[in-house]
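Visitor: Structure below; questions to follow.
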Amino acid sequence: MSSTRKGFFVVLDGIDGCGKTVHSKMLCEQLRVLDYDVAYTTEPSKSPIGQFIAQKFLRETKVAPQIEALLFAADRFHHLTSEIIPMLDANKIVVSDRYVYSSLAYQGAQGLAPDWIKQINCFAIRPDLALYLDVLPETGLARKRSRSTLENLDLEKKVREIYLDLVKSGELVKIDSYRNRDVVRKEIMEIVLRSLDKIHFQR
Ligand SMILES: Nc1ncnc2c1ncn2[C@@H]1O[C@H](COP(=O)(O)OP(=O)(O)OP(=O)(O)O)[C@@H](O)[C@H]1O
Ligand SMILES: [Mg+2]
């Protein structure tokens with residue numbers, strides 16, 4: 001990533017039901033109260049490629065994980081070049097609900113080599129801050145009130161292991177998201193404000 005880039009790019013990632021959407025939106029609200037110019041965005045994006053990914057058809061049709069990874073990478077390229085980078089150039093804080101870490105975790109859990117996933121996402125700029133909200137897969141599935149089929153649970157367990165490896169390698173910062181929502185909200189806000197301070201972010 002170019003060191004001259006303006007703006008601040010923060011990502012919240014993690015398994016299903018860990019609290020990404022709730023905390024991304026609360027973070028945006030809290031930053032707006034402090035007069036920061038903030039944009040919330042999500043993967044898959046609202047673009048035609050993102051909408052195609054989110055379609056019921058794709059959720060219910062078993063496609064090869066390679067195809068999933070390529071579709072997500074295509075959506076990510078479009079999302080970055082048409083939305084995220086222009087907003088950063090306009091000096092906004094961009095909060096993304098999921099990013100490339102989801103591809104590493106979900107397609108990785110289905111057996112794809114991490115290097116292959118990284119290669120097809122080589123354009124993905126490094127965020128200024130990437131947070132991983134950690135919960136047990138059982139907690140995530142229960143929060144979503146989805147039927148925790150054994151298949152879902154097994155996949156989510158593998159997904160979580162990959163996220164935890166990304167924490168170990170320093171790519172993600174772990175937040176214990178099983179705790180009370182308000183405690184988690186405050187911790188996320190503190191970390192974000194500290195990071196903004198560290199880079200002397202100018203509004
Ligand atoms: N710390 C928490 N304690 C209790 N409930 C929580 C906590 N964090 C989130 N929740 C609740 O869990 C549910 C799932 O949260 P949310 O939709 O933010 O998860 P998500 O990570 O965005 O899930 P998905 O991957 O499906 O988009 C919501 O009803 C939310 O209010
Ligand atoms: Mg969500």
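Ordering of the structure tokens sets the chain letters (A, B, ...), residue numbers begin anew at 1 in every chain, and ligands are numbered from 1 in the order given.
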Among range 53-196 of chain A, which ones does DSSP place in strand (DSSP E or B), written as JSON, numbers by chain?
Guide: {"A": [93, 94, 95, 96, 97, 129, 130, 131, 132, 133, 134, 173, 174, 175, 176]}
Visitor: Would you mind exporting N, CA and C atoms of the selected residues as a compact mmCIF listing (two decimals), in the first residue's frame?
Guide:
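Generated file (part_17.txt):
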```txt
# COMPACT_ATOMS: atom_id res chain seq x y z
N ILE A 93 -12.83 7.65 6.58
CA ILE A 93 -12.57 6.39 7.29
C ILE A 93 -13.52 5.37 6.66
N VAL A 94 -12.97 4.29 6.14
CA VAL A 94 -13.80 3.24 5.53
C VAL A 94 -13.80 2.03 6.46
N VAL A 95 -15.00 1.62 6.87
CA VAL A 95 -15.16 0.45 7.73
C VAL A 95 -15.74 -0.68 6.87
N SER A 96 -14.97 -1.73 6.68
CA SER A 96 -15.45 -2.85 5.84
C SER A 96 -15.82 -4.07 6.68
N ASP A 97 -17.04 -4.51 6.47
CA ASP A 97 -17.60 -5.69 7.14
C ASP A 97 -17.20 -6.88 6.25
N LEU A 129 -5.97 -1.17 9.73
CA LEU A 129 -6.28 -1.97 10.92
C LEU A 129 -7.25 -3.08 10.52
N ALA A 130 -6.93 -4.32 10.92
CA ALA A 130 -7.81 -5.45 10.59
C ALA A 130 -8.12 -6.21 11.88
N LEU A 131 -9.38 -6.14 12.30
CA LEU A 131 -9.80 -6.76 13.56
C LEU A 131 -10.52 -8.07 13.29
N TYR A 132 -10.24 -9.05 14.12
CA TYR A 132 -10.90 -10.35 14.03
C TYR A 132 -11.74 -10.53 15.29
N LEU A 133 -13.05 -10.66 15.12
CA LEU A 133 -13.94 -10.84 16.28
C LEU A 133 -14.08 -12.33 16.55
N ASP A 134 -13.52 -12.77 17.67
CA ASP A 134 -13.47 -14.20 17.96
C ASP A 134 -14.64 -14.67 18.82
N VAL A 173 -5.89 -8.49 14.37
CA VAL A 173 -5.87 -8.23 15.82
C VAL A 173 -7.13 -8.86 16.41
N LYS A 174 -6.94 -9.71 17.42
CA LYS A 174 -8.07 -10.47 17.97
C LYS A 174 -8.83 -9.68 19.04
N ILE A 175 -10.14 -9.70 18.88
CA ILE A 175 -11.05 -9.11 19.88
C ILE A 175 -11.92 -10.26 20.40
N ASP A 176 -12.01 -10.41 21.72
CA ASP A 176 -12.86 -11.49 22.26
C ASP A 176 -14.32 -11.06 22.20
```
Visitor: Return as a Markdown table the residues of chain A lying at most 7 Å from ligand 1, together with the closest atom-to-atom pair for each and the distance in Å to one decimal, counting only C-alpha atoms and all ligand atoms, with rows in chain order and ascending residue number.
Guide:
```
| residue | atom | partner | partner_atom_place_in_ligand_line | distance |
| --- | --- | --- | --- | --- |
| A:Gly14 | CA | ligand 1 | 21 (O) | 6.4 |
| A:Ile15 | CA | ligand 1 | 25 (O) | 5.9 |
| A:Asp16 | CA | ligand 1 | 25 (O) | 3.3 |
| A:Gly17 | CA | ligand 1 | 23 (O) | 3.4 |
| A:Cys18 | CA | ligand 1 | 21 (O) | 4.0 |
| A:Gly19 | CA | ligand 1 | 18 (O) | 3.2 |
| A:Lys20 | CA | ligand 1 | 21 (O) | 3.8 |
| A:Thr21 | CA | ligand 1 | 22 (O) | 3.7 |
| A:Val22 | CA | ligand 1 | 18 (O) | 3.7 |
| A:His23 | CA | ligand 1 | 18 (O) | 6.2 |
| A:Gly140 | CA | ligand 1 | 14 (C) | 6.9 |
| A:Arg143 | CA | ligand 1 | 12 (O) | 4.4 |
| A:Lys144 | CA | ligand 1 | 14 (C) | 5.2 |
| A:Ser177 | CA | ligand 1 | 1 (N) | 5.2 |
| A:Tyr178 | CA | ligand 1 | 1 (N) | 5.2 |
| A:Arg179 | CA | ligand 1 | 1 (N) | 5.0 |
| A:Asn180 | CA | ligand 1 | 1 (N) | 4.6 |
| A:Arg181 | CA | ligand 1 | 1 (N) | 3.5 |
| A:Val184 | CA | ligand 1 | 1 (N) | 6.3 |
```
Visitor: Take CA of Leu172 in chain A and CA of His200 in chain A and report the distance between them in Å, one decimal.
Guide: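 Result for CA of Leu172 in chain A versus CA of His200 in chain A: 21.3 Å, one decimal.
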Visitor: Each residue of range 166-201 of chain A with at least one atom at most 12 Å from range 104-112 of chain A should appear once, together with its nearest atom pair and the corresponding distance in Å (one decimal); atoms considered: only C-alpha atoms; ordering: chain, then increasing residue number; output as JSON lines.
Guide:
```
{"residue": "A:Leu166", "atom": "CA", "partner": "A:Ala105", "partner_atom": "CA", "distance": 9.0}
{"residue": "A:Val167", "atom": "CA", "partner": "A:Ala105", "partner_atom": "CA", "distance": 11.8}
{"residue": "A:Glu171", "atom": "CA", "partner": "A:Leu104", "partner_atom": "CA", "distance": 11.6}
```
Visitor: Which is closer to ligand 2 than all the others in A:Gln30, A:Ser195, A:Thr42, A:Asn121, using only C-alpha atoms and all ligand atoms?
Guide: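 Using only C-alpha atoms and all ligand atoms, ligand 2 sits closest to A:Thr42.
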Visitor: Considering only C-alpha atoms, return as a PyMOL selection string whatever protein or nucleic-acid residues lie within 12 Å of range 84-86 of chain A, sequence-local ones (same chain, fewer than 6 positions apart) excluded.
Guide: chain A and resi 1-2+5-11+38-43+45+76-78+92-96+99+123-127
Visitor: Can I get the selected residues back with C-alpha atoms, as a compact mmCIF listing (two decimals), in the first residue's frame?
Guide:
```
# COMPACT_ATOMS: atom_id res chain seq x y z
CA MET A 1 0.00 0.00 0.00
CA SER A 2 1.20 3.46 -0.82
CA ARG A 5 -2.61 7.22 0.79
CA LYS A 6 -5.03 9.29 2.76
CA GLY A 7 -8.02 8.05 4.72
CA PHE A 8 -8.13 5.15 7.14
CA PHE A 9 -9.17 1.64 6.18
CA VAL A 10 -10.43 -0.62 8.97
CA VAL A 11 -11.76 -4.13 8.54
CA VAL A 38 -17.05 7.58 7.88
CA ALA A 39 -18.38 5.09 5.35
CA TYR A 40 -19.67 1.61 6.12
CA THR A 41 -19.27 -1.01 3.44
CA THR A 42 -19.54 -4.74 3.17
CA GLU A 43 -18.35 -7.81 1.28
CA SER A 45 -20.43 -5.64 -2.20
CA ARG A 76 -13.29 -7.30 -4.22
CA PHE A 77 -11.36 -5.77 -7.13
CA HIS A 78 -14.47 -3.87 -8.23
CA LYS A 92 -12.73 9.13 4.69
CA ILE A 93 -12.57 6.39 7.29
CA VAL A 94 -13.80 3.24 5.53
CA VAL A 95 -15.16 0.45 7.73
CA SER A 96 -15.45 -2.85 5.84
CA TYR A 99 -12.42 -8.42 3.49
CA PHE A 123 -4.37 -6.20 -5.65
CA ALA A 124 -5.98 -6.12 -2.19
CA ILE A 125 -4.42 -3.20 -0.31
CA ARG A 126 -3.47 -3.82 3.31
CA PRO A 127 -5.92 -2.16 5.70
```
Visitor: With only C-alpha atoms and all ligand atoms as the basis for distance, which of A:Arg98, A:Met26, A:Ile53, A:Val33 is at the shortest distance from ligand 2?
Guide: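 Once distances to ligand 2 are computed over only C-alpha atoms and all ligand atoms, the minimum belongs to A:Arg98.
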Visitor: Distance CA of Ser24 in chain A-CA of Leu70 in chain A, one decimal place?
Guide: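 Taking CA of Ser24 in chain A as the start and CA of Leu70 in chain A as the end point, the length is 25.4 Å.
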Visitor: Please, what distance in Å, to one decimal, runs between CA of Ser169 in chain A and CA of Asp115 in chain A?
Guide: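 Value for the CA of Ser169 in chain A-CA of Asp115 in chain A distance: 14.5 Å.
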Visitor: Write out as a ChimeraX atom specification the set of residues from range 36-185 of chain A that DSSP, computed on the backbone, places in alpha helix (DSSP H).
Guide: /A:48-54,56-60,65-79,85-89,100-109,114-120,137-143,150-168,181-185
Visitor: Using only C-alpha atoms, which of the listed residues (A:Ala74, A:Asp128, A:Gln66, A:Pro48) sits closest to Leu196 in chain A?
Guide: A:Asp128
Visitor: So which one's closest to Ser103 in chain A, A:Gln119, A:Ser47, A:Thr61, A:Thr81? Using only C-alpha atoms, please.
Guide: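 For Ser103 in chain A, the nearest of the given residues is A:Gln119.
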